[in-house]
$ cat data34.csv   # CSV, C-alpha atoms
chain,number,residue,atom,x,y,z
A,1,MET,CA,86.7,77.0,113.2
A,2,LYS,CA,83.4,78.8,113.4
A,3,GLU,CA,84.4,80.4,116.7
A,4,GLN,CA,87.6,81.7,115.1
A,5,VAL,CA,85.7,83.2,112.2
A,6,ASP,CA,83.2,84.8,114.5
A,7,SER,CA,86.1,86.2,116.6
A,8,LEU,CA,87.9,87.5,113.5
A,9,ALA,CA,84.7,89.2,112.3
A,10,SER,CA,84.1,90.8,115.7
A,11,ARG,CA,87.6,92.1,115.8
A,12,LEU,CA,87.3,93.4,112.3
A,13,LYS,CA,84.1,95.3,113.3
A,14,THR,CA,86.0,97.0,116.1
A,15,GLY,CA,88.6,98.3,113.6
A,16,ASP,CA,91.4,95.9,114.8
A,17,ARG,CA,94.2,96.3,112.2
A,18,GLN,CA,95.8,93.0,113.3
A,19,ALA,CA,92.5,91.3,112.5
A,20,ALA,CA,92.6,92.9,109.0
A,21,GLY,CA,96.1,91.4,108.5
A,22,GLU,CA,94.8,88.0,109.5
A,23,LEU,CA,91.9,88.4,107.1
A,24,VAL,CA,94.4,89.1,104.3
A,25,ASP,CA,96.6,86.1,105.4
A,26,ILE,CA,93.6,83.8,105.4
A,27,TYR,CA,92.0,84.9,102.1
A,28,TYR,CA,94.5,86.5,99.8
A,29,LYS,CA,95.6,83.4,97.9
A,30,GLN,CA,92.0,82.0,97.8
A,31,LEU,CA,90.6,85.3,96.4
A,32,TYR,CA,93.5,85.7,93.9
A,33,LEU,CA,92.9,82.2,92.6
A,34,PHE,CA,89.1,82.9,92.4
A,35,MET,CA,89.8,86.0,90.2
A,36,ARG,CA,92.2,84.0,88.0
A,37,ARG,CA,89.6,81.2,87.7
A,38,LEU,CA,87.0,83.8,86.6
A,39,GLY,CA,89.3,84.7,83.7
A,40,HIS,CA,91.2,87.7,84.9
A,41,ASN,CA,94.9,88.1,84.0
A,42,ARG,CA,97.5,88.1,86.8
A,43,GLN,CA,97.8,91.9,87.2
A,44,THR,CA,94.0,92.4,87.2
A,45,SER,CA,93.6,89.6,89.7
A,46,GLU,CA,96.1,91.2,92.0
A,47,ASP,CA,94.5,94.6,91.7
A,48,LEU,CA,91.0,93.2,92.2
A,49,THR,CA,92.1,91.1,95.2
A,50,GLN,CA,93.5,94.3,96.9
A,51,ASP,CA,90.3,96.1,96.1
A,52,ILE,CA,88.3,93.3,97.7
A,53,PHE,CA,90.1,93.8,101.0
A,54,ILE,CA,89.7,97.5,100.9
A,55,GLN,CA,86.0,97.1,100.3
A,56,ALA,CA,85.7,94.5,103.0
A,57,TRP,CA,87.5,96.8,105.5
A,58,GLN,CA,85.2,99.7,104.5
A,59,HIS,CA,82.0,97.7,104.7
A,60,ILE,CA,82.7,95.3,107.6
A,61,GLY,CA,79.8,96.9,109.5
A,62,ARG,CA,77.4,95.4,107.0
A,63,LEU,CA,78.4,91.9,108.0
A,64,LYS,CA,75.5,90.8,110.3
A,65,ASP,CA,76.6,87.2,111.1
A,66,GLY,CA,80.3,86.6,111.8
A,67,GLY,CA,79.9,83.0,110.7
A,68,ALA,CA,79.0,84.2,107.2
A,69,LEU,CA,82.4,85.9,106.7
A,70,ASN,CA,83.4,83.4,104.1
A,71,GLY,CA,80.4,83.8,101.9
A,72,TRP,CA,80.4,87.6,102.5
A,73,ILE,CA,84.0,88.1,101.3
A,74,TYR,CA,83.4,85.9,98.2
A,75,ARG,CA,80.3,88.0,97.5
A,76,ILE,CA,82.4,91.1,97.5
A,77,ALA,CA,84.9,89.3,95.2
A,78,GLY,CA,82.2,88.2,92.8
A,79,ASN,CA,80.7,91.7,92.6
A,80,ALA,CA,84.2,93.1,92.0
A,81,SER,CA,84.7,90.7,89.1
A,82,LYS,CA,81.3,91.4,87.6
A,83,HIS,CA,81.9,95.2,87.9
A,84,TYR,CA,85.3,94.8,86.2
A,85,TRP,CA,83.8,92.8,83.3
A,86,ARG,CA,80.9,95.4,82.9
A,87,LYS,CA,83.5,98.2,82.7
A,88,ASN,CA,85.8,96.3,80.4
A,89,LYS,CA,83.5,94.6,77.9
A,90,ASP,CA,86.2,94.7,75.2
A,91,LYS,CA,88.7,92.6,77.3
A,92,LYS,CA,88.8,88.9,76.8
A,93,ALA,CA,89.0,86.4,79.7
A,94,VAL,CA,92.2,84.4,80.1
A,95,GLY,CA,92.5,80.7,80.7
A,96,ILE,CA,92.4,79.2,84.1
A,97,GLU,CA,95.8,77.6,83.9
A,98,CYS,CA,96.6,78.6,87.5
A,99,VAL,CA,94.9,75.4,88.8
A,100,ASP,CA,97.5,73.1,87.4
A,101,GLU,CA,98.7,70.4,89.8
A,102,PRO,CA,102.4,70.1,90.5
A,103,TYR,CA,104.3,67.7,88.2
A,104,SER,CA,105.2,64.3,89.8
A,105,ARG,CA,107.6,61.7,88.2
A,106,GLU,CA,105.5,58.9,89.8
A,107,ASN,CA,102.9,57.5,87.4
A,108,SER,CA,103.9,59.9,84.6
A,109,PHE,CA,101.6,58.1,82.2
A,110,ASP,CA,98.7,58.5,84.5
A,111,ASN,CA,99.7,62.2,85.1
A,112,THR,CA,99.8,62.8,81.4
A,113,GLU,CA,96.4,61.4,80.9
A,114,HIS,CA,95.1,63.3,84.0
A,115,ASN,CA,96.6,66.5,82.8
A,116,GLU,CA,95.0,66.1,79.4
A,117,GLN,CA,91.6,65.6,81.0
A,118,LEU,CA,92.2,68.5,83.3
A,119,GLY,CA,93.1,70.7,80.3
A,120,ARG,CA,89.9,69.7,78.5
A,121,LEU,CA,87.9,70.5,81.6
A,122,LYS,CA,89.5,73.9,82.0
A,123,ILE,CA,88.7,74.8,78.5
A,124,ALA,CA,85.1,73.7,78.9
A,125,VAL,CA,84.7,75.7,82.2
A,126,ALA,CA,86.2,78.7,80.5
A,127,GLY,CA,83.6,78.5,77.8
A,128,LEU,CA,80.7,78.7,80.3
A,129,SER,CA,78.7,81.8,80.8
A,130,ILE,CA,79.9,83.9,83.7
A,131,LYS,CA,77.0,82.9,86.0
A,132,LEU,CA,77.6,79.1,85.3
A,133,LYS,CA,81.4,79.5,85.5
A,134,GLU,CA,81.1,81.3,88.8
A,135,SER,CA,78.9,78.5,90.2
A,136,VAL,CA,81.5,75.8,89.3
A,137,VAL,CA,84.4,77.9,90.5
A,138,LEU,CA,82.8,78.8,93.8
A,139,HIS,CA,81.7,75.3,94.7
A,140,TYR,CA,84.3,73.0,93.1
A,141,MET,CA,87.4,75.0,92.8
A,142,GLN,CA,87.1,77.3,95.8
A,143,GLN,CA,85.4,74.5,97.8
A,144,LEU,CA,82.6,76.6,99.3
A,145,THR,CA,79.6,74.9,100.6
A,146,ILE,CA,76.3,75.3,98.6
A,147,ALA,CA,75.1,77.8,101.3
A,148,GLU,CA,78.4,79.8,101.2
A,149,ALA,CA,78.6,79.8,97.4
A,150,ALA,CA,74.9,80.9,97.1
A,151,GLU,CA,75.7,83.7,99.6
A,152,ALA,CA,78.8,84.7,97.6
A,153,ALA,CA,76.8,84.7,94.3
A,154,GLY,CA,74.0,86.7,96.0
A,155,ILE,CA,71.3,84.2,95.2
A,156,ARG,CA,69.1,81.7,97.0
A,157,GLU,CA,70.5,78.2,97.5
A,158,GLY,CA,67.9,76.6,95.2
A,159,THR,CA,68.9,79.0,92.4
A,160,PHE,CA,72.5,78.3,93.0
A,161,LYS,CA,71.9,74.5,92.8
A,162,SER,CA,70.0,75.0,89.6
A,163,ARG,CA,72.9,77.0,88.0
A,164,LEU,CA,75.4,74.4,89.2
A,165,ASN,CA,73.2,71.6,87.7
A,166,ARG,CA,73.0,73.5,84.4
A,167,ALA,CA,76.8,74.1,84.4
A,168,LEU,CA,77.5,70.4,85.0
A,169,ARG,CA,75.1,69.4,82.2
A,170,ALA,CA,76.8,71.8,79.9
A,171,LEU,CA,80.2,70.5,80.8
A,172,ARG,CA,79.2,66.9,80.4
A,173,LYS,CA,77.7,67.7,77.0
A,174,GLN,CA,80.8,69.6,75.9
A,175,LEU,CA,83.2,67.0,77.2
A,176,ASP,CA,81.2,64.1,75.7
A,177,SER,CA,81.1,65.7,72.3
A,178,LYS,CA,84.9,66.3,72.4
A,179,SER,CA,85.6,62.6,73.2
A,180,VAL,CA,83.3,61.5,70.4
A,181,ASP,CA,85.0,64.0,68.0
A,182,SER,CA,88.4,62.6,68.9
A,183,LEU,CA,87.4,59.1,67.7
$ encode --input "data34.csv" --output "structure tokens"
Amino acid sequence: MKEQVDSLASRLKTGDRQAAGELVDIYYKQLYLFMRRLGHNRQTSEDLTQDIFIQAWQHIGRLKDGGALNGWIYRIAGNASKHYWRKNKDKKAVGIECVDEPYSRENSFDNTEHNEQLGRLKIAVAGLSIKLKESVVLHYMQQLTIAEAAEAAGIREGTFKSRLNRALRALRKQLDSKSVDSL
């Protein structure tokens, strides 16, 4: 896999348009979902995702290590999201409903309970500060390694781990208080 990423990055640096198409094929859905999970509506997520690829194409020369392509493109995405929110302070984030799992008739009772828990978790994640939300989304939802997620966030690994720890504590506290309130 690393060799494929290195090869793709090398081809992108030479201006290979087919490689640009492959980059879009590999990352479009992931980056779109990342934007949705950061609270952008569908249209804004589509627009930002397209902008991310344009920025990646324009700045591919800045990518030093081809193996860091994953973290690098997520960093561009994170910066695009932050820039959007700075420019549009009056806009509200939307929910992260796009991470619903498909409905299955099997174990419908278990699915209902699972969906309720997932719904509570989504609301709790949506209530986090942008930095903490970004940490949870990058690592747990986008499934980036700690190193990739830290690179994407533009911070050191230790700082990322600290943010992730704070986010998890905040989520536990919020979810624990909700379960106590429902008694």
$ atom_distance --input "data34.csv" --atom1 "CA of Gly67 (chain A)" --atom2 "CA of Asp6 (chain A)"
5.3 Å
$ residues_around --input "data34.csv" --residues "Leu48 (chain A)" --least-positions-apart "3" --cutoff "9 Å" --atoms "all atoms listed in the file" --output "list of chain:residue names"
A:Leu31, A:Tyr32, A:Met35, A:Gln43, A:Thr44, A:Ser45, A:Asp51, A:Ile52, A:Phe53, A:Ala77, A:Ala80, A:Ser81, A:Tyr84
$ atom_distance --input "data34.csv" --atom1 "CA of Glu151 (chain A)" --atom2 "CA of Ile73 (chain A)"
9.5 Å
$ residues_around --input "data34.csv" --residues "Thr145 (chain A)" --least-positions-apart "6" --cutoff "10 Å" --atoms "only C-alpha atoms" --output "VMD selection string"
chain A and resid 70 to 71 138 to 139 151
$ closest_residue --input "data34.csv" --among "A:Arg120, A:Glu134, A:Ala149, A:His40" --to "Lys91 (chain A)" --atoms "all atoms listed in the file"
A:His40
$ atom_distance --input "data34.csv" --atom1 "CA of Lys82 (chain A)" --atom2 "CA of Asp47 (chain A)"
14.2 Å
$ closest_residue --input "data34.csv" --among "A:Leu175, A:Ser135, A:Gly78, A:Thr159" --to "Leu118 (chain A)" --atoms "all atoms listed in the file"
A:Leu175
$ closest_residue --input "data34.csv" --among "A:Leu164, A:Ala126, A:Ala68, A:Gly15" --to "Tyr140 (chain A)" --atoms "only C-alpha atoms"
A:Leu164
$ closest_residue --input "data34.csv" --among "A:Ile60, A:Tyr74, A:Gln174, A:His83" --to "Val125 (chain A)" --atoms "all atoms listed in the file"
A:Gln174
$ residues_near_point --input "data34.csv" --point "(73.7, 77.8, 101.4)" --cutoff "10 Å" --atoms "only C-alpha atoms" --output "PyMOL selection string"
chain A and resi 71+144-152+155-158+160-161
$ closest_residue --input "data34.csv" --among "A:Asp176, A:Glu22, A:Glu3, A:Asp16" --to "Ala124 (chain A)" --atoms "all atoms listed in the file"
A:Asp176
